[in-house]
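Structure file data_14.cif (mmCIF, C-alpha atoms) follows.
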```
data_target
loop_
_atom_site.label_atom_id
_atom_site.label_comp_id
_atom_site.auth_asym_id
_atom_site.auth_seq_id
_atom_site.Cartn_x
_atom_site.Cartn_y
_atom_site.Cartn_z
CA MET A 219 103.85 103.33 117.85
CA ILE A 220 102.15 101.27 120.56
CA LEU A 221 98.86 103.10 120.04
CA PHE A 222 98.95 102.60 116.24
CA SER A 223 99.75 98.90 116.71
CA LEU A 224 97.05 98.22 119.27
CA ALA A 225 94.35 100.17 117.43
CA THR A 226 94.97 98.50 114.06
CA LEU A 227 95.84 94.95 115.12
CA LEU A 228 93.25 94.23 117.82
CA PRO A 229 90.36 93.75 115.34
CA VAL A 230 92.31 91.09 113.39
CA PRO A 231 91.88 88.17 115.87
CA LEU A 232 88.30 89.24 116.55
CA LEU A 233 87.44 89.13 112.84
CA ALA A 234 89.33 85.87 112.33
CA LEU A 235 87.58 84.14 115.23
CA GLY A 236 84.28 85.64 114.16
CA ALA A 237 84.71 84.17 110.65
CA VAL A 238 85.20 80.72 112.16
CA SER A 239 82.74 80.66 115.05
CA GLY A 240 80.67 83.87 114.96
CA GLY A 241 79.31 84.65 118.40
CA TRP A 242 80.68 87.37 120.62
CA CYS A 243 83.86 87.86 118.56
CA THR A 244 81.88 89.08 115.58
CA ALA A 245 79.78 91.38 117.72
CA LEU A 246 82.83 92.69 119.55
CA ALA A 247 84.64 93.44 116.28
CA LEU A 248 81.68 95.49 115.07
CA VAL A 249 81.39 97.34 118.38
CA TYR A 250 85.15 98.03 118.38
CA LEU A 251 85.03 99.68 114.94
CA THR A 252 81.91 101.72 115.70
CA GLY A 253 80.78 102.35 119.26
CA LEU A 254 84.12 101.98 121.03
CA THR A 255 85.96 104.19 118.52
CA PHE A 256 83.26 106.86 118.78
CA THR A 257 83.25 106.70 122.59
CA LEU A 258 87.01 106.96 122.98
CA ASP A 259 87.19 109.86 120.52
CA THR A 260 84.39 111.65 122.33
CA LEU A 261 85.27 111.08 125.98
CA ILE A 262 89.06 111.44 125.82
CA LYS A 263 90.06 114.82 124.44
CA ILE A 264 93.71 114.48 123.56
CA VAL A 265 95.76 115.20 120.45
CA THR A 266 98.70 112.85 120.01
CA PRO A 267 101.96 114.58 118.97
CA PRO A 268 104.03 113.51 115.95
CA VAL A 269 106.27 110.50 116.65
CA PRO A 270 110.06 111.01 116.64
CA GLU A 271 111.95 109.96 113.50
CA SER A 272 113.67 107.16 115.42
CA GLU A 273 110.39 105.23 115.39
CA PHE A 274 109.84 105.40 111.62
CA PRO A 275 111.29 101.91 110.94
CA ALA A 276 108.66 100.52 113.28
CA ALA A 277 106.01 102.35 111.24
CA ASN A 278 107.00 100.52 108.07
CA GLY A 279 107.16 97.29 110.05
CA LEU A 280 103.58 97.70 111.23
CA SER A 281 102.45 98.47 107.68
CA VAL A 282 104.07 95.28 106.40
CA VAL A 283 102.50 93.20 109.17
CA LEU A 284 99.05 94.66 108.46
CA ALA A 285 99.42 94.05 104.73
CA VAL A 286 100.64 90.48 105.16
CA LEU A 287 97.77 89.69 107.56
CA HIS A 288 95.29 91.30 105.16
CA PHE A 289 95.31 88.49 102.59
CA PRO A 290 94.64 85.43 104.81
CA LEU A 291 92.12 87.46 106.81
CA LEU A 292 90.27 88.40 103.63
CA GLY A 293 90.19 84.75 102.55
CA LEU A 294 88.97 83.66 105.98
CA ILE A 295 86.18 86.25 105.93
CA VAL A 296 85.00 85.01 102.52
CA PHE A 297 85.13 81.42 103.83
CA GLY A 298 83.01 82.33 106.85
CA LEU A 299 80.46 84.34 104.89
CA ALA A 300 80.11 81.69 102.17
CA GLY A 301 79.89 78.74 104.57
CA ASP A 302 77.00 77.32 106.56
CA THR A 303 78.51 77.52 110.06
CA LEU A 304 77.51 81.08 110.97
CA SER A 305 74.00 82.33 111.58
CA THR A 306 72.49 85.00 109.34
CA VAL A 307 72.85 87.63 112.05
CA ALA A 308 76.50 86.70 112.59
CA LYS A 309 77.16 86.91 108.86
CA ILE A 310 75.63 90.37 108.64
CA ALA A 311 77.72 91.57 111.59
CA LEU A 312 80.87 89.97 110.13
CA PHE A 313 80.26 91.52 106.70
CA LEU A 314 79.79 94.99 108.19
CA ALA A 315 82.77 94.75 110.54
CA ALA A 316 85.10 93.28 107.91
CA GLY A 317 84.07 95.86 105.32
CA MET A 318 84.78 98.66 107.79
CA TYR A 319 88.14 97.17 108.75
CA PHE A 320 89.28 96.64 105.17
CA GLY A 321 87.94 100.02 104.07
CA GLN A 322 89.26 102.09 106.97
CA VAL A 323 92.36 100.29 108.24
CA GLY A 324 93.36 98.23 105.20
CA ASN A 325 92.83 101.17 102.87
CA SER A 326 94.77 103.57 105.10
CA ASN A 327 97.64 101.11 105.28
CA ALA A 328 97.70 100.47 101.53
CA HIS A 329 97.63 104.24 101.02
CA GLU A 330 100.72 104.55 103.18
CA LEU A 331 102.53 101.79 101.32
CA ILE A 332 101.96 103.15 97.80
CA HIS A 333 103.54 106.43 98.94
CA ARG A 334 106.71 104.67 100.12
CA GLY A 335 109.78 104.89 97.90
CA ALA A 336 110.89 101.29 98.43
CA ARG A 337 109.62 99.10 95.59
CA HIS A 338 108.64 96.14 97.79
CA LEU A 339 106.50 98.39 100.02
CA HIS A 340 104.82 100.03 97.04
CA GLN A 341 104.07 96.63 95.48
CA LEU A 342 102.62 95.36 98.74
CA GLY A 343 100.27 98.34 98.92
CA LYS A 344 99.30 97.83 95.27
CA TRP A 345 98.29 94.24 95.89
CA VAL A 346 96.23 95.17 98.94
CA TYR A 347 94.30 97.54 96.68
CA ILE A 348 94.02 94.88 93.98
CA SER A 349 92.61 92.47 96.55
CA LEU A 350 89.89 95.05 97.24
CA LEU A 351 89.24 95.31 93.47
CA PHE A 352 90.50 98.88 93.63
CA GLY A 353 93.92 98.54 92.06
CA HIS A 354 93.59 101.63 89.88
CA HIS A 355 93.77 103.75 93.04
CA THR A 356 97.50 102.92 93.11
CA SER A 357 97.91 105.05 89.97
CA ALA A 358 95.06 107.54 90.22
CA HIS A 359 95.82 108.63 93.78
CA PRO A 360 99.42 109.87 93.36
CA LEU A 361 99.25 110.81 89.67
CA VAL A 362 95.86 112.55 89.62
CA HIS A 363 94.48 113.25 93.08
CA HIS A 364 97.65 114.70 94.57
CA ARG A 365 98.31 116.80 91.50
CA PHE A 366 94.83 118.18 90.91
CA VAL A 367 93.21 118.05 94.37
CA ALA A 368 90.67 120.78 95.08
CA THR A 369 90.16 121.48 91.36
CA ASP A 370 87.63 120.26 88.80
CA MET A 371 90.38 118.12 87.25
CA ASP A 372 90.40 115.83 90.28
CA PRO A 373 87.53 113.30 90.22
CA ASN A 374 88.00 112.56 93.92
CA THR A 375 87.39 116.12 95.08
CA SER A 376 83.76 116.41 96.20
CA ARG A 377 81.89 119.56 95.24
CA LEU A 378 79.80 121.88 97.36
CA GLY A 379 76.20 120.66 97.24
CA GLU A 380 77.11 117.26 95.78
CA THR A 381 75.69 114.28 97.66
CA TYR A 382 77.86 111.28 98.43
CA TYR A 383 75.56 109.15 96.26
CA ALA A 384 76.20 111.38 93.23
CA TYR A 385 79.90 111.63 94.07
CA LEU A 386 80.55 107.88 94.37
CA PRO A 387 80.01 106.80 90.73
CA ARG A 388 81.49 110.04 89.35
CA ALA A 389 84.65 109.72 91.44
CA TRP A 390 85.09 105.96 90.92
CA ILE A 391 84.72 106.05 87.14
CA GLY A 392 86.53 109.38 86.82
CA SER A 393 89.55 108.25 88.83
CA PHE A 394 89.75 104.97 86.88
CA LYS A 395 89.82 106.86 83.59
CA ALA A 396 92.13 109.63 84.80
CA GLY A 397 94.59 107.15 86.26
CA LEU A 398 94.60 105.16 83.01
CA LYS A 399 95.21 108.32 80.99
CA ALA A 400 98.08 109.34 83.25
CA GLU A 401 99.69 105.90 83.04
CA ASN A 402 99.28 105.78 79.24
CA ALA A 403 100.99 109.16 78.92
CA ARG A 404 104.07 108.06 80.82
CA ARG A 405 104.33 104.51 79.41
CA LYS A 406 104.25 105.07 75.65
CA GLY A 407 106.05 102.35 73.74
CA GLN A 408 106.32 99.95 76.67
CA PRO A 409 104.91 96.37 76.48
CA LEU A 410 101.24 96.04 77.37
CA TRP A 411 101.90 93.31 79.93
CA THR A 412 103.98 95.76 81.99
CA HIS A 413 101.14 98.29 82.15
CA PRO A 414 99.89 98.78 85.74
CA TYR A 415 96.27 98.54 84.61
CA ALA A 416 96.98 95.09 83.19
CA HIS A 417 98.08 94.14 86.70
CA TYR A 418 95.03 95.76 88.29
CA ILE A 419 92.52 94.05 86.02
CA GLY A 420 94.35 90.73 85.81
CA GLY A 421 94.88 90.73 89.56
CA ALA A 422 91.20 91.41 90.17
CA VAL A 423 90.24 88.43 87.98
CA LEU A 424 92.73 86.28 89.89
CA MET A 425 91.33 87.38 93.25
CA ILE A 426 87.75 86.62 92.19
CA ALA A 427 88.88 83.18 91.00
CA ILE A 428 90.54 82.52 94.38
CA ALA A 429 87.32 83.56 96.13
CA ALA A 430 85.44 81.10 93.94
CA VAL A 431 87.86 78.34 94.96
CA ILE A 432 87.26 79.21 98.62
CA GLY A 433 83.49 79.50 98.50
CA GLY A 434 82.24 78.67 95.03
CA LEU A 435 80.14 81.12 93.03
CA LYS A 436 78.56 82.24 96.28
CA GLY A 437 81.98 83.02 97.70
CA ALA A 438 82.94 84.98 94.57
CA ALA A 439 79.74 87.03 94.75
CA ILE A 440 80.20 87.73 98.47
CA TYR A 441 83.81 88.74 97.85
CA VAL A 442 82.80 91.26 95.18
CA LEU A 443 80.16 92.73 97.50
CA LEU A 444 82.63 92.89 100.41
CA ALA A 445 85.25 94.63 98.24
CA GLY A 446 82.61 97.10 97.05
CA TYR A 447 81.63 97.86 100.63
CA ALA A 448 85.28 98.39 101.58
CA GLN A 449 85.71 100.70 98.58
CA SER A 450 82.71 102.72 99.73
CA GLN A 451 84.50 103.35 103.04
CA LEU A 452 87.52 104.74 101.17
CA MET A 453 85.34 106.89 98.93
CA LEU A 454 83.50 108.25 101.96
CA SER A 455 86.82 109.37 103.42
CA ASP A 456 87.76 111.19 100.22
CA TYR A 457 84.30 112.77 100.02
CA VAL A 458 84.49 114.09 103.58
CA GLN A 459 88.14 115.19 103.55
CA HIS A 460 87.84 117.41 100.48
CA TYR A 461 84.19 118.44 100.50
CA GLY A 462 83.68 121.85 98.90
CA LEU A 463 87.32 122.96 99.19
CA THR A 464 88.84 124.56 96.09
CA ARG A 465 92.14 126.05 94.97
CA LYS A 466 92.19 129.44 93.30
CA ILE A 467 93.05 129.43 89.59
CA ASP A 468 95.23 132.25 88.21
CA GLU A 469 94.81 134.03 84.87
CA ASN A 470 97.00 131.38 83.18
CA GLY A 471 94.76 128.56 84.35
CA LYS A 472 97.25 127.34 86.95
CA PRO A 473 95.92 126.42 90.40
CA GLU A 474 97.51 127.86 93.50
CA PRO A 475 99.86 125.54 95.46
CA VAL A 476 98.20 122.94 97.65
CA GLY A 477 97.94 124.23 101.20
CA ALA A 478 96.50 123.30 104.57
CA LYS A 479 93.19 124.94 103.67
CA HIS A 480 92.50 122.38 100.92
CA SER A 481 91.76 119.38 103.17
CA TRP A 482 89.49 118.79 106.14
CA ASN A 483 91.25 117.41 109.21
CA SER A 484 90.25 115.65 112.40
CA PRO A 485 92.16 115.83 115.72
CA HIS A 486 90.44 112.82 117.31
CA TRP A 487 93.08 110.50 118.72
CA PHE A 488 91.71 106.98 118.53
CA SER A 489 90.20 107.07 115.04
CA SER A 490 93.41 108.75 113.87
CA ALA A 491 95.44 105.85 115.28
CA LEU A 492 93.03 103.34 113.76
CA MET A 493 93.44 104.94 110.32
CA LEU A 494 97.18 105.60 110.62
CA ASN A 495 96.75 109.36 110.89
CA ALA A 496 94.79 109.61 107.64
CA PRO A 497 92.56 112.28 109.27
CA ARG A 498 95.63 114.56 109.40
CA HIS A 499 95.02 115.07 105.74
CA SER A 500 96.41 118.53 105.12
CA ASP A 501 99.89 117.52 106.25
CA HIS A 502 99.75 114.43 104.06
CA HIS A 503 98.97 116.51 100.98
CA ALA A 504 101.70 118.97 101.86
CA HIS A 505 104.22 116.12 102.38
CA PRO A 506 102.96 113.01 100.53
CA SER A 507 106.03 110.91 101.33
CA ARG A 508 106.00 111.72 105.06
CA GLU A 509 105.48 108.63 107.20
CA TYR A 510 102.15 108.54 109.03
CA PRO A 511 103.57 108.83 112.59
CA ALA A 512 105.16 112.18 111.67
CA LEU A 513 101.96 113.77 110.36
CA ASP A 514 100.75 116.76 112.37
CA LEU A 515 97.67 118.95 112.51
CA PRO A 516 98.22 122.37 110.86
CA VAL A 517 97.00 125.31 112.90
CA ASP A 518 95.47 126.90 109.79
CA GLY A 519 93.83 123.74 108.43
CA PRO A 520 90.02 123.42 108.47
CA MET A 521 88.77 121.02 111.13
CA LEU A 522 85.80 118.70 110.99
CA PRO A 523 83.32 119.19 113.84
CA ARG A 524 83.42 115.45 114.66
CA SER A 525 85.77 112.55 113.96
CA LEU A 526 86.23 111.32 110.40
CA PRO A 527 84.18 108.08 110.88
CA THR A 528 81.35 110.09 112.46
CA MET A 529 81.35 112.62 109.63
CA ALA A 530 81.45 109.81 107.08
CA THR A 531 78.31 108.39 108.67
CA LEU A 532 76.68 111.84 108.57
CA ALA A 533 77.51 112.10 104.85
CA LEU A 534 75.11 109.21 104.22
CA PHE A 535 72.28 111.62 105.13
CA PRO A 536 72.64 114.48 102.62
CA SER A 537 70.23 116.98 104.18
CA ARG A 538 71.95 116.74 107.57
CA TRP A 539 75.39 116.78 105.95
CA PHE A 540 74.62 119.95 103.99
CA LYS A 541 73.21 121.63 107.08
CA VAL A 542 76.42 120.97 109.03
CA MET A 543 79.07 121.41 106.33
CA ASN A 544 77.82 123.93 103.76
CA PRO A 545 77.99 126.93 106.12
CA ARG A 546 81.53 125.93 107.10
CA VAL A 547 82.61 125.70 103.47
CA ARG A 548 81.09 129.11 102.68
CA ARG A 549 82.88 130.70 105.63
CA LEU A 550 86.19 129.28 104.43
CA ARG A 551 85.57 130.51 100.90
CA ALA A 552 84.72 133.95 102.18
#
```

Full structure transcribed into structure tokens:
Amino acid sequence: MILFSLATLLPVPLLALGAVSGGWCTALALVYLTGLTFTLDTLIKIVTPPVPESEFPAANGLSVVLAVLHFPLLGLIVFGLAGDTLSTVAKIALFLAAGMYFGQVGNSNAHELIHRGARHLHQLGKWVYISLLFGHHTSAHPLVHHRFVATDMDPNTSRLGETYYAYLPRAWIGSFKAGLKAENARRKGQPLWTHPYAHYIGGAVLMIAIAAVIGGLKGAAIYVLLAGYAQSQLMLSDYVQHYGLTRKIDENGKPEPVGAKHSWNSPHWFSSALMLNAPRHSDHHAHPSREYPALDLPVDGPMLPRSLPTMATLALFPSRWFKVMNPRVRRLRA
């Protein structure tokens, strides 16, 4: 648990200090989330083993700490970006670093929390997503993505030959609608104010209003842009981790069970710790309620040629992405 804690918590004081004073803290936060992560993944070739069950309470504890820190940190970032203290260069660096942190670490942590059975943990994860204006993911992810992954019925499964730029609006809008449909189906007859989507939309309005209190209309606009950037990090992860992988459909129209071959994985140690083992994606889909320290790499799961953050960056360049990934997908299909 020490590695998970260090990897995820070290950027917090750097981002906080950067929001107040800019300078080297902002630059160091950006370097930490990009160059340092890439270097450690590349130079140190180790695969961390699953953590013993005795450490699982500490895993939930770290998730709670990260989620609790998320909200004041988000407000402080908006304050720094909307204010006049930081230089333009510092603001750009802070925006990029904060968006990466919220999209890669904050998202991974919220993802863990919404899969927990305890109500208070699930609610905490939901509000982290709401604060990123992505509350519907709390419903769409477990009710749609986990059920229909690697089929055409899952909006968040990227298709062979589909660019990230075509995938992003299709997946965002599709998952919003599919999650709403799934919630409507299981909540017939219940009061509207108890509907999760009422919380997602109402919470988003509340968060934008708080951003406006912090930084005026400028602060509200910056907050929306920052949340959108963080969302794009999450969507990049989904795009990469399921690109081109499909489940066979039988003669009755039923897809085969979800297996290790339906998610791309990454064995790289530091980015895995930074994202709470999210790159061990096959095991997560096989055991959605399994705590992140216990996730393992399946021997028969497809592996990405580079770490998840590196492949997400490559996905921004479609021609290069297709050149690297399309042959791998075709070999798996064959």

Chain and number of each residue from the PyMOL selection byres ((chain A and resi 438) around 10), as an MDAnalysis selection string
chainID A and resid 296 300 425:437 439:444

Once the PyMOL selection byres ((chain A and resi 485-490) around 8) has been evaluated on this model, what residues remain selected, and can you format them as a tab-separated table (two decimals) with C-alpha atoms, in the frame of the given file?
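File out.tsv, as written:
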```tsv
chain	number	residue	atom	x	y	z
A	225	ALA	CA	94.35	100.17	117.43
A	255	THR	CA	85.96	104.19	118.52
A	256	PHE	CA	83.26	106.86	118.78
A	258	LEU	CA	87.01	106.96	122.98
A	259	ASP	CA	87.19	109.86	120.52
A	260	THR	CA	84.39	111.65	122.33
A	263	LYS	CA	90.06	114.82	124.44
A	264	ILE	CA	93.71	114.48	123.56
A	265	VAL	CA	95.76	115.20	120.45
A	266	THR	CA	98.70	112.85	120.01
A	483	ASN	CA	91.25	117.41	109.21
A	484	SER	CA	90.25	115.65	112.40
A	491	ALA	CA	95.44	105.85	115.28
A	492	LEU	CA	93.03	103.34	113.76
A	493	MET	CA	93.44	104.94	110.32
A	494	LEU	CA	97.18	105.60	110.62
A	495	ASN	CA	96.75	109.36	110.89
A	496	ALA	CA	94.79	109.61	107.64
A	497	PRO	CA	92.56	112.28	109.27
A	498	ARG	CA	95.63	114.56	109.40
A	515	LEU	CA	97.67	118.95	112.51
A	521	MET	CA	88.77	121.02	111.13
A	524	ARG	CA	83.42	115.45	114.66
A	525	SER	CA	85.77	112.55	113.96
A	526	LEU	CA	86.23	111.32	110.40
A	527	PRO	CA	84.18	108.08	110.88
```

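The spacing separating CA of Arg365 (chain A) from CA of Val476 (chain A) amounts to 8.7 Å.
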
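Residue nearest Ala478 (chain A), chosen from A:Ala336, A:Val517, A:Ser281, A:Gly253 and counting only C-alpha atoms: A:Val517.
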
Choose the residue, out of A:Asp370, A:Trp345, A:Gly421, A:Val238, that has the smallest atom-to-atom separation from Leu304 (chain A); count all atoms listed in the file.
A:Val238

Evaluate the PyMOL selection byres ((chain A and resi 319-321) around 7) here and jot the selected residues down as a list in words.
Ala315, Ala316, Gly317, Met318, Gln322, Val323, Gly324, Asn325, Ala448, Gln449, Gln451 and Leu452 of chain A

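CA of His359 (chain A) sits 11.4 Å away from CA of Lys344 (chain A).
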
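Residue nearest Ser376 (chain A) within the list A:Arg551, A:His499, A:His480, A:His288: A:His480 [criterion: smallest interatomic distance, all atoms listed in the file].
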
Output: region 323-334 of chain A of the preceding structure, restricted to N, CA, C and O atoms, written as a short mmCIF file (atom, residue, chain, number, x, y, z; two decimals), in the first residue's frame.
```cif
data_model
loop_
_atom_site.label_atom_id
_atom_site.label_comp_id
_atom_site.auth_asym_id
_atom_site.auth_seq_id
_atom_site.Cartn_x
_atom_site.Cartn_y
_atom_site.Cartn_z
N VAL A 323 -6.00 9.98 -11.73
CA VAL A 323 -6.02 9.51 -10.34
C VAL A 323 -7.41 9.66 -9.74
O VAL A 323 -7.97 8.71 -9.18
N GLY A 324 -7.99 10.85 -9.85
CA GLY A 324 -9.33 11.08 -9.30
C GLY A 324 -10.37 10.17 -9.92
O GLY A 324 -11.22 9.61 -9.21
N ASN A 325 -10.30 9.99 -11.23
CA ASN A 325 -11.23 9.09 -11.90
C ASN A 325 -11.04 7.65 -11.46
O ASN A 325 -12.02 6.95 -11.15
N SER A 326 -9.79 7.20 -11.39
CA SER A 326 -9.54 5.82 -10.98
C SER A 326 -10.04 5.57 -9.56
O SER A 326 -10.58 4.50 -9.27
N ASN A 327 -9.88 6.57 -8.71
CA ASN A 327 -10.33 6.41 -7.33
C ASN A 327 -11.86 6.40 -7.24
O ASN A 327 -12.45 5.59 -6.53
N ALA A 328 -12.51 7.31 -7.97
CA ALA A 328 -13.97 7.32 -7.99
C ALA A 328 -14.52 6.02 -8.55
O ALA A 328 -15.53 5.48 -8.07
N HIS A 329 -13.84 5.50 -9.56
CA HIS A 329 -14.23 4.21 -10.15
C HIS A 329 -14.18 3.11 -9.11
O HIS A 329 -15.07 2.26 -9.03
N GLU A 330 -13.13 3.11 -8.30
CA GLU A 330 -13.04 2.12 -7.22
C GLU A 330 -14.20 2.27 -6.24
O GLU A 330 -14.82 1.29 -5.83
N LEU A 331 -14.49 3.49 -5.86
CA LEU A 331 -15.50 3.74 -4.83
C LEU A 331 -16.91 3.35 -5.27
O LEU A 331 -17.69 2.83 -4.49
N ILE A 332 -17.25 3.59 -6.54
CA ILE A 332 -18.61 3.25 -6.97
C ILE A 332 -18.80 1.74 -7.09
O ILE A 332 -19.94 1.26 -7.17
N HIS A 333 -17.70 0.99 -7.08
CA HIS A 333 -17.80 -0.47 -7.09
C HIS A 333 -17.85 -1.06 -5.68
O HIS A 333 -18.04 -2.27 -5.53
N ARG A 334 -17.66 -0.23 -4.66
CA ARG A 334 -17.69 -0.73 -3.29
C ARG A 334 -19.13 -0.92 -2.83
O ARG A 334 -20.03 -0.17 -3.20
#
```
